[in-house]
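The next block is protein.cif, given as mmCIF, C-alpha atoms.
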data_target
#
loop_
_atom_site.label_atom_id
_atom_site.label_comp_id
_atom_site.auth_asym_id
_atom_site.auth_seq_id
_atom_site.Cartn_x
_atom_site.Cartn_y
_atom_site.Cartn_z
CA MET A 6 -34.55 -1.85 0.04
CA ALA A 7 -32.12 -2.57 2.87
CA GLU A 8 -32.70 -0.70 6.10
CA LYS A 9 -30.86 -0.43 9.37
CA ARG A 10 -32.40 0.70 12.65
CA GLY A 11 -30.39 3.26 14.61
CA LYS A 12 -30.29 3.48 18.39
CA ASP A 13 -33.10 6.01 18.26
CA GLY A 14 -35.28 3.54 16.39
CA ASP A 15 -35.37 5.54 13.15
CA ALA A 16 -34.91 3.61 9.92
CA THR A 17 -31.78 4.52 8.00
CA ASP A 18 -31.51 3.70 4.31
CA ALA A 19 -28.36 1.54 4.11
CA THR A 20 -27.67 2.68 0.55
CA LYS A 21 -27.18 6.27 1.81
CA ARG A 22 -24.57 5.50 4.41
CA SER A 23 -20.91 6.32 3.67
CA PRO A 24 -19.08 3.10 2.80
CA VAL A 25 -15.48 2.82 3.97
CA VAL A 26 -13.02 2.66 1.07
CA ALA A 27 -9.50 1.64 2.12
CA ILE A 28 -6.58 2.99 0.08
CA ALA A 29 -3.16 1.33 0.30
CA GLY A 30 -0.27 3.60 1.27
CA GLY A 31 3.09 3.33 2.99
CA PRO A 32 6.51 2.70 1.42
CA ALA A 33 5.36 -0.14 -0.88
CA PHE A 34 2.47 1.80 -2.43
CA THR A 35 3.64 5.37 -2.94
CA PHE A 36 1.97 6.27 -6.23
CA SER A 37 -1.63 7.45 -6.29
CA TYR A 38 -3.53 10.50 -7.47
CA ALA A 39 -4.90 12.81 -4.78
CA GLU A 40 -7.93 13.35 -7.00
CA HIS A 41 -8.94 9.71 -6.57
CA THR A 42 -9.45 10.27 -2.85
CA GLU A 43 -11.27 13.52 -3.55
CA LEU A 44 -13.59 11.89 -6.09
CA LEU A 45 -14.35 8.94 -3.82
CA THR A 46 -15.14 11.32 -0.97
CA ALA A 47 -17.33 13.46 -3.23
CA ALA A 48 -19.18 10.29 -4.25
CA GLY A 49 -20.02 9.63 -0.61
CA ALA A 50 -17.24 7.32 0.59
CA GLU A 51 -15.28 7.52 3.82
CA VAL A 52 -11.68 7.10 2.64
CA VAL A 53 -9.15 5.56 5.04
CA THR A 54 -5.47 4.89 4.30
CA PHE A 55 -3.69 1.76 5.50
CA ASP A 56 -0.13 0.39 5.18
CA PRO A 57 0.11 -3.19 3.86
CA LEU A 58 3.60 -3.49 5.33
CA ARG A 59 2.49 -2.83 8.91
CA ASP A 60 -1.27 -3.10 9.32
CA GLU A 61 -2.45 -6.63 9.92
CA GLN A 62 -6.11 -5.85 9.23
CA LEU A 63 -8.02 -3.65 6.82
CA PRO A 64 -9.65 -0.54 8.32
CA GLU A 65 -12.79 -1.34 10.28
CA GLY A 66 -15.87 -1.60 8.11
CA THR A 67 -13.99 -1.68 4.78
CA ARG A 68 -16.41 -2.14 1.88
CA GLY A 69 -14.04 -1.37 -0.99
CA LEU A 70 -10.31 -1.38 -1.64
CA VAL A 71 -8.04 0.73 -3.85
CA ILE A 72 -4.40 -0.34 -4.32
CA GLY A 73 -2.36 1.97 -6.51
CA GLY A 74 1.20 2.02 -7.74
CA GLY A 75 4.57 1.71 -6.07
CA PHE A 76 7.38 -0.78 -5.74
CA PRO A 77 6.11 -3.95 -4.06
CA GLU A 78 8.99 -5.93 -5.57
CA VAL A 79 11.34 -4.04 -3.23
CA TYR A 80 9.20 -5.06 -0.24
CA ALA A 81 8.04 -8.47 -1.44
CA ALA A 82 9.40 -10.32 1.59
CA GLU A 83 7.77 -7.90 4.06
CA LEU A 84 4.44 -7.89 2.21
CA SER A 85 4.48 -11.68 2.11
CA ALA A 86 5.31 -11.89 5.82
CA ASN A 87 2.14 -9.93 6.67
CA GLU A 88 -0.04 -12.99 6.25
CA PRO A 89 -3.01 -11.69 8.28
CA LEU A 90 -3.47 -8.74 5.92
CA ARG A 91 -2.99 -10.87 2.81
CA LYS A 92 -5.75 -13.12 4.10
CA ALA A 93 -8.00 -10.14 4.86
CA VAL A 94 -7.54 -8.75 1.34
CA SER A 95 -8.28 -12.15 -0.17
CA GLU A 96 -11.43 -12.58 1.91
CA LEU A 97 -12.68 -9.12 0.98
CA ALA A 98 -12.13 -9.78 -2.72
CA LEU A 99 -13.76 -13.22 -2.55
CA SER A 100 -16.81 -11.65 -0.89
CA GLY A 101 -17.42 -9.72 -4.11
CA ALA A 102 -16.50 -6.31 -2.69
CA PRO A 103 -15.12 -3.78 -5.20
CA VAL A 104 -11.33 -3.81 -5.50
CA ALA A 105 -9.46 -1.47 -7.88
CA ALA A 106 -5.78 -2.30 -8.31
CA GLU A 107 -3.23 -0.71 -10.62
CA CYS A 108 0.30 -1.92 -11.36
CA ALA A 109 1.75 -2.51 -7.87
CA GLY A 110 -1.75 -3.35 -6.72
CA LEU A 111 -2.04 -5.90 -9.51
CA LEU A 112 1.17 -7.59 -8.35
CA TYR A 113 -0.05 -7.67 -4.74
CA LEU A 114 -3.22 -9.49 -5.78
CA CYS A 115 -1.32 -12.24 -7.63
CA ARG A 116 -0.48 -15.65 -6.17
CA GLU A 117 3.18 -14.75 -5.89
CA LEU A 118 5.76 -12.10 -6.73
CA ASP A 119 9.22 -13.43 -7.49
CA GLY A 120 8.32 -16.56 -5.53
CA ALA A 121 7.04 -14.71 -2.45
CA PRO A 122 3.37 -15.49 -1.68
CA MET A 123 1.03 -12.55 -2.20
CA CYS A 124 -2.75 -12.29 -1.68
CA GLY A 125 -3.71 -15.01 -4.15
CA VAL A 126 -6.81 -13.17 -5.33
CA LEU A 127 -5.82 -13.64 -8.98
CA ASP A 128 -4.68 -16.88 -10.56
CA ALA A 129 -1.51 -15.24 -11.83
CA SER A 130 2.20 -15.14 -11.04
CA ALA A 131 4.35 -12.00 -11.19
CA ARG A 132 8.09 -11.66 -11.64
CA MET A 133 10.70 -9.01 -12.28
CA SER A 134 11.89 -8.50 -15.85
CA GLU A 135 14.87 -6.76 -17.40
CA ARG A 136 12.56 -5.02 -19.87
CA LEU A 137 10.99 -1.68 -19.01
CA THR A 138 7.40 -1.24 -20.20
CA LEU A 139 6.67 2.46 -20.52
CA GLY A 140 4.17 4.57 -22.41
CA TYR A 141 0.78 6.22 -22.63
CA ARG A 142 -2.18 4.04 -23.55
CA ASP A 143 -5.68 4.57 -24.95
CA ALA A 144 -7.89 1.90 -23.44
CA VAL A 145 -11.50 0.77 -23.60
CA ALA A 146 -13.26 -1.34 -20.98
CA VAL A 147 -13.82 -4.80 -22.45
CA GLY A 148 -16.77 -5.61 -20.18
CA ASP A 149 -18.67 -4.31 -17.18
CA SER A 150 -16.79 -4.13 -13.88
CA SER A 151 -16.96 -2.43 -10.50
CA LEU A 152 -14.99 0.44 -12.02
CA ALA A 153 -16.46 0.96 -15.48
CA VAL A 154 -19.16 -0.16 -17.88
CA ALA A 155 -18.21 -1.84 -21.14
CA GLY A 156 -17.09 0.67 -23.73
CA THR A 157 -15.76 3.23 -21.24
CA ARG A 158 -12.69 4.88 -22.75
CA MET A 159 -9.82 6.12 -20.63
CA ARG A 160 -6.24 7.19 -21.14
CA GLY A 161 -3.46 6.11 -18.83
CA HIS A 162 0.15 5.05 -18.64
CA GLU A 163 2.25 1.96 -17.96
CA PHE A 164 5.55 2.02 -16.09
CA HIS A 165 6.89 -1.30 -14.82
CA ARG A 166 9.69 -3.84 -15.00
CA THR A 167 7.55 -6.83 -14.14
CA VAL A 168 5.63 -9.46 -16.05
CA VAL A 169 2.39 -11.12 -14.98
CA GLU A 170 1.77 -14.64 -16.21
CA PRO A 171 -1.99 -15.20 -16.00
CA GLY A 172 -3.77 -18.41 -15.18
CA ALA A 173 -7.50 -18.82 -15.64
CA GLY A 174 -10.77 -17.58 -14.22
CA ALA A 175 -10.72 -13.86 -15.01
CA ALA A 176 -11.81 -11.72 -17.95
CA PRO A 177 -9.58 -8.93 -19.30
CA ALA A 178 -10.03 -5.38 -18.00
CA TRP A 179 -8.96 -3.23 -20.95
CA GLY A 180 -8.54 -3.40 -24.67
CA VAL A 181 -5.42 -1.40 -25.60
CA ARG A 182 -4.76 -0.22 -29.15
CA ALA A 183 -1.08 0.76 -29.03
CA PRO A 184 1.75 -0.04 -29.42
CA ALA A 185 -0.11 -3.16 -30.64
CA PRO A 186 -3.73 -4.25 -30.13
CA ARG A 187 -4.10 -6.43 -27.04
CA VAL A 188 -6.19 -7.03 -23.94
CA GLU A 189 -4.78 -6.31 -20.52
CA GLY A 190 -5.62 -6.79 -16.87
CA PHE A 191 -8.21 -8.80 -14.97
CA VAL A 192 -11.89 -8.50 -14.05
CA GLN A 193 -13.05 -11.08 -11.53
CA GLN A 194 -16.14 -10.63 -9.35
CA GLY A 195 -15.66 -7.13 -7.91
CA VAL A 196 -11.95 -6.98 -8.76
CA HIS A 197 -10.61 -4.68 -11.49
CA ALA A 198 -6.82 -5.05 -11.73
CA SER A 199 -4.40 -3.97 -14.43
CA TYR A 200 -1.02 -2.42 -15.16
CA LEU A 201 -2.67 0.72 -16.51
CA HIS A 202 -2.57 3.82 -14.30
CA THR A 203 -5.69 5.85 -15.05
CA HIS A 204 -6.69 9.28 -13.80
CA TRP A 205 -10.30 9.09 -12.64
CA ALA A 206 -10.82 12.83 -13.05
CA SER A 207 -10.93 12.19 -16.79
CA GLU A 208 -14.03 10.01 -16.23
CA PRO A 209 -15.52 10.87 -12.81
CA GLY A 210 -18.27 8.30 -13.29
CA VAL A 211 -15.84 5.52 -12.38
CA ALA A 212 -15.52 6.81 -8.79
CA ARG A 213 -19.28 7.16 -8.44
CA ARG A 214 -19.80 3.64 -9.82
CA PHE A 215 -17.16 2.22 -7.48
CA VAL A 216 -18.73 3.80 -4.39
CA GLU A 217 -22.21 2.67 -5.42
CA ARG A 218 -20.91 -0.89 -5.73
CA CYS A 219 -19.39 -0.54 -2.26
CA ARG A 220 -22.82 0.34 -0.91
CA THR A 221 -24.60 -2.56 -2.56
CA SER A 222 -22.04 -5.40 -2.57
#

Now, as a test, write the supplied structure out as structure tokens.
Amino acid sequence: MAEKRGKDGDATDATKRSPVVAIAGGPAFTFSYAEHTELLTAAGAEVVTFDPLRDEQLPEGTRGLVIGGGFPEVYAAELSANEPLRKAVSELALSGAPVAAECAGLLYLCRELDGAPMCGVLDASARMSERLTLGYRDAVAVGDSSLAVAGTRMRGHEFHRTVVEPGAGAAPAWGVRAPAPRVEGFVQQGVHASYLHTHWASEPGVARRFVERCRTS
């Protein structure tokens, strides 16, 4: 079991320390549930908000990352111009740290959005579309991830005018039954990214699992 010695010489169990979970905010990422922060905090995390438009580094000590919804397509040029943060997000994801991204977060993790370079965590390209995708979804986790174990069922919604064209190297996140059976999203190392907005209060175990992965990754 990992231990860390404090200044007083006492051994501290590293798995009991509060891992820092960074949550994206600011104008480009305006949609998130307050309960997600509450659940992460209750699970033992120290939650810190950052702005991908302005902050060039992730919060100090970040062990996990949550990127919710918003309108990154409106700020694609500005997000792309913040190369230091894009690199920091990519490095965190490649290290195997837990990353939960929904909709806008999914787009930010792609190689590009409407031709503007994004974080490049996922081998996928995103673009605007004239078609609005909207509706509630019943989903089941296809496999184990940093957010859920295989078979976990959750309900959420989609609301976007973008399309993601996937490449290779990632497994799907969710199996969705309606309006037609399909798989959706990406699971890659510690990354769980999809278009589906889920409310973690409906399955509080996902927040506990995410924080535990932050401690041990």

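Running the PyMOL selection byres ((chain A and resi 115) around 10) on this file leaves Gly110, Leu111, Leu112, Tyr113, Leu114, Arg116, Glu117, Leu118, Pro122, Met123, Cys124, Gly125, Val126, Leu127, Asp128, Ala129, Ser130, Ala131, Val169, Glu170, Pro171 and Ala198 of chain A selected.
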
Atoms to include: C-alpha atoms. Write the selected residues as a PDB file, in the coordinates of the input.
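Once everything was written out, this is again-v2.pdb:
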ATOM      1  CA  GLY A 110      -1.750  -3.350  -6.720  1.00  0.00           C
ATOM      2  CA  LEU A 111      -2.040  -5.900  -9.510  1.00  0.00           C
ATOM      3  CA  LEU A 112       1.170  -7.590  -8.350  1.00  0.00           C
ATOM      4  CA  TYR A 113      -0.050  -7.670  -4.740  1.00  0.00           C
ATOM      5  CA  LEU A 114      -3.220  -9.490  -5.780  1.00  0.00           C
ATOM      6  CA  ARG A 116      -0.480 -15.650  -6.170  1.00  0.00           C
ATOM      7  CA  GLU A 117       3.180 -14.750  -5.890  1.00  0.00           C
ATOM      8  CA  LEU A 118       5.760 -12.100  -6.730  1.00  0.00           C
ATOM      9  CA  PRO A 122       3.370 -15.490  -1.680  1.00  0.00           C
ATOM     10  CA  MET A 123       1.030 -12.550  -2.200  1.00  0.00           C
ATOM     11  CA  CYS A 124      -2.750 -12.290  -1.680  1.00  0.00           C
ATOM     12  CA  GLY A 125      -3.710 -15.010  -4.150  1.00  0.00           C
ATOM     13  CA  VAL A 126      -6.810 -13.170  -5.330  1.00  0.00           C
ATOM     14  CA  LEU A 127      -5.820 -13.640  -8.980  1.00  0.00           C
ATOM     15  CA  ASP A 128      -4.680 -16.880 -10.560  1.00  0.00           C
ATOM     16  CA  ALA A 129      -1.510 -15.240 -11.830  1.00  0.00           C
ATOM     17  CA  SER A 130       2.200 -15.140 -11.040  1.00  0.00           C
ATOM     18  CA  ALA A 131       4.350 -12.000 -11.190  1.00  0.00           C
ATOM     19  CA  VAL A 169       2.390 -11.120 -14.980  1.00  0.00           C
ATOM     20  CA  GLU A 170       1.770 -14.640 -16.210  1.00  0.00           C
ATOM     21  CA  PRO A 171      -1.990 -15.200 -16.000  1.00  0.00           C
ATOM     22  CA  ALA A 198      -6.820  -5.050 -11.730  1.00  0.00           C
TER      23      ALA A 198
END

Quick one: everything within 7 Å of region 60-72 of chain A, counting all atoms listed in the file, minus sequence neighbours fewer than 3 positions away in the same chain. Send it as a PDB file with C-alpha atoms, in the coordinates of the input.
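Saved result, part-v9.pdb, follows:
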ATOM      1  CA  PRO A  24     -19.080   3.100   2.800  1.00  0.00           C
ATOM      2  CA  VAL A  25     -15.480   2.820   3.970  1.00  0.00           C
ATOM      3  CA  VAL A  26     -13.020   2.660   1.070  1.00  0.00           C
ATOM      4  CA  ALA A  27      -9.500   1.640   2.120  1.00  0.00           C
ATOM      5  CA  ILE A  28      -6.580   2.990   0.080  1.00  0.00           C
ATOM      6  CA  ALA A  29      -3.160   1.330   0.300  1.00  0.00           C
ATOM      7  CA  VAL A  53      -9.150   5.560   5.040  1.00  0.00           C
ATOM      8  CA  PHE A  55      -3.690   1.760   5.500  1.00  0.00           C
ATOM      9  CA  ASP A  56      -0.130   0.390   5.180  1.00  0.00           C
ATOM     10  CA  PRO A  57       0.110  -3.190   3.860  1.00  0.00           C
ATOM     11  CA  ASN A  87       2.140  -9.930   6.670  1.00  0.00           C
ATOM     12  CA  PRO A  89      -3.010 -11.690   8.280  1.00  0.00           C
ATOM     13  CA  LEU A  90      -3.470  -8.740   5.920  1.00  0.00           C
ATOM     14  CA  ALA A  93      -8.000 -10.140   4.860  1.00  0.00           C
ATOM     15  CA  ALA A 102     -16.500  -6.310  -2.690  1.00  0.00           C
ATOM     16  CA  PRO A 103     -15.120  -3.780  -5.200  1.00  0.00           C
ATOM     17  CA  VAL A 104     -11.330  -3.810  -5.500  1.00  0.00           C
ATOM     18  CA  ALA A 105      -9.460  -1.470  -7.880  1.00  0.00           C
ATOM     19  CA  ALA A 106      -5.780  -2.300  -8.310  1.00  0.00           C
ATOM     20  CA  GLU A 107      -3.230  -0.710 -10.620  1.00  0.00           C
ATOM     21  CA  GLY A 110      -1.750  -3.350  -6.720  1.00  0.00           C
ATOM     22  CA  CYS A 219     -19.390  -0.540  -2.260  1.00  0.00           C
TER      23      CYS A 219
END

Neighbours of Arg214 (chain A) within 10 Å (only C-alpha atoms; same-chain residues fewer than 6 positions away dropped), as a ChimeraX atom specification?
/A:45,48,103,150-154,220

Output C-alpha atoms for every residue in that selection, as a PDB file, in the coordinates of the input.
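For reference, part27.pdb as written:
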ATOM      1  CA  LEU A  45     -14.350   8.940  -3.820  1.00  0.00           C
ATOM      2  CA  ALA A  48     -19.180  10.290  -4.250  1.00  0.00           C
ATOM      3  CA  PRO A 103     -15.120  -3.780  -5.200  1.00  0.00           C
ATOM      4  CA  SER A 150     -16.790  -4.130 -13.880  1.00  0.00           C
ATOM      5  CA  SER A 151     -16.960  -2.430 -10.500  1.00  0.00           C
ATOM      6  CA  LEU A 152     -14.990   0.440 -12.020  1.00  0.00           C
ATOM      7  CA  ALA A 153     -16.460   0.960 -15.480  1.00  0.00           C
ATOM      8  CA  VAL A 154     -19.160  -0.160 -17.880  1.00  0.00           C
ATOM      9  CA  ARG A 220     -22.820   0.340  -0.910  1.00  0.00           C
TER      10      ARG A 220
END

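The smallest atom-to-atom distance between Ala206 (chain A) and any of A:Gly75, A:Gly161, A:Gly49, A:Gly140, using all atoms listed in the file, is found for A:Gly161.
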
Quick check on the file I pasted: which residues fall under the PyMOL selection byres ((chain A and resi 176) around 6)? Write them as JSON, numbers by chain.
{"A": [175, 177, 191, 192]}

To one decimal place in Å, what is the distance between CA of Ser100 (chain A) and CA of Glu163 (chain A)?
29.0 Å

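The gap separating CA of Gln194 (chain A) from CA of Arg218 (chain A) is 11.4 Å, in Å to one decimal.
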
Atomic separation - CA of Ser85 (chain A) relative to CA of Pro32 (chain A), Å:
14.5 Å

Phe164 (chain A) surroundings by all atoms listed in the file, 10 Å radius, close-in-sequence under 5 positions cut, as a list of chain:residue names:
A:Gly74, A:Cys108, A:Leu137, A:Thr138, A:Leu139, A:Gly140, A:Tyr141, A:Tyr200, A:Leu201, A:His202

Given the PyMOL selection byres ((chain A and resi 146) around 8), the residues it picks as a list in words:
Ala144, Val145, Val147, Gly148, Asp149, Ala153, Val154, Ala155, Gly156, Thr157, Arg158, Ala178, Trp179 and Gly180 of chain A

Enclose the full set of atoms of region 160-166 of chain A listed in the file within a box whose edges lie along x, y and z, apply 3 Å of padding to each of the six sides, and report centre and edge lengths in Å to one decimal as lines of an AutoDock Vina configuration file.
center_x = 1.7
center_y = 1.7
center_z = -18.0
size_x = 21.9
size_y = 17.0
size_z = 12.3

Fewer than 5 positions away in the same chain doesn't count, so skip those; otherwise give me all residues within 9 Å of Ala47 (chain A), counting only C-alpha atoms, as a list in words.
Thr42, Ala212 and Arg213 of chain A

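Counting all atoms listed in the file, the residue from A:Val188, A:Ala82, A:Ala98, A:Leu44 that sits nearest to Gly120 (chain A) is A:Ala82.
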
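For the residues A:Ser222, A:Thr203, A:Ser37, A:Thr167, ranking by smallest atom-to-atom distance to Asp143 (chain A) using all atoms listed in the file places A:Thr203 first.
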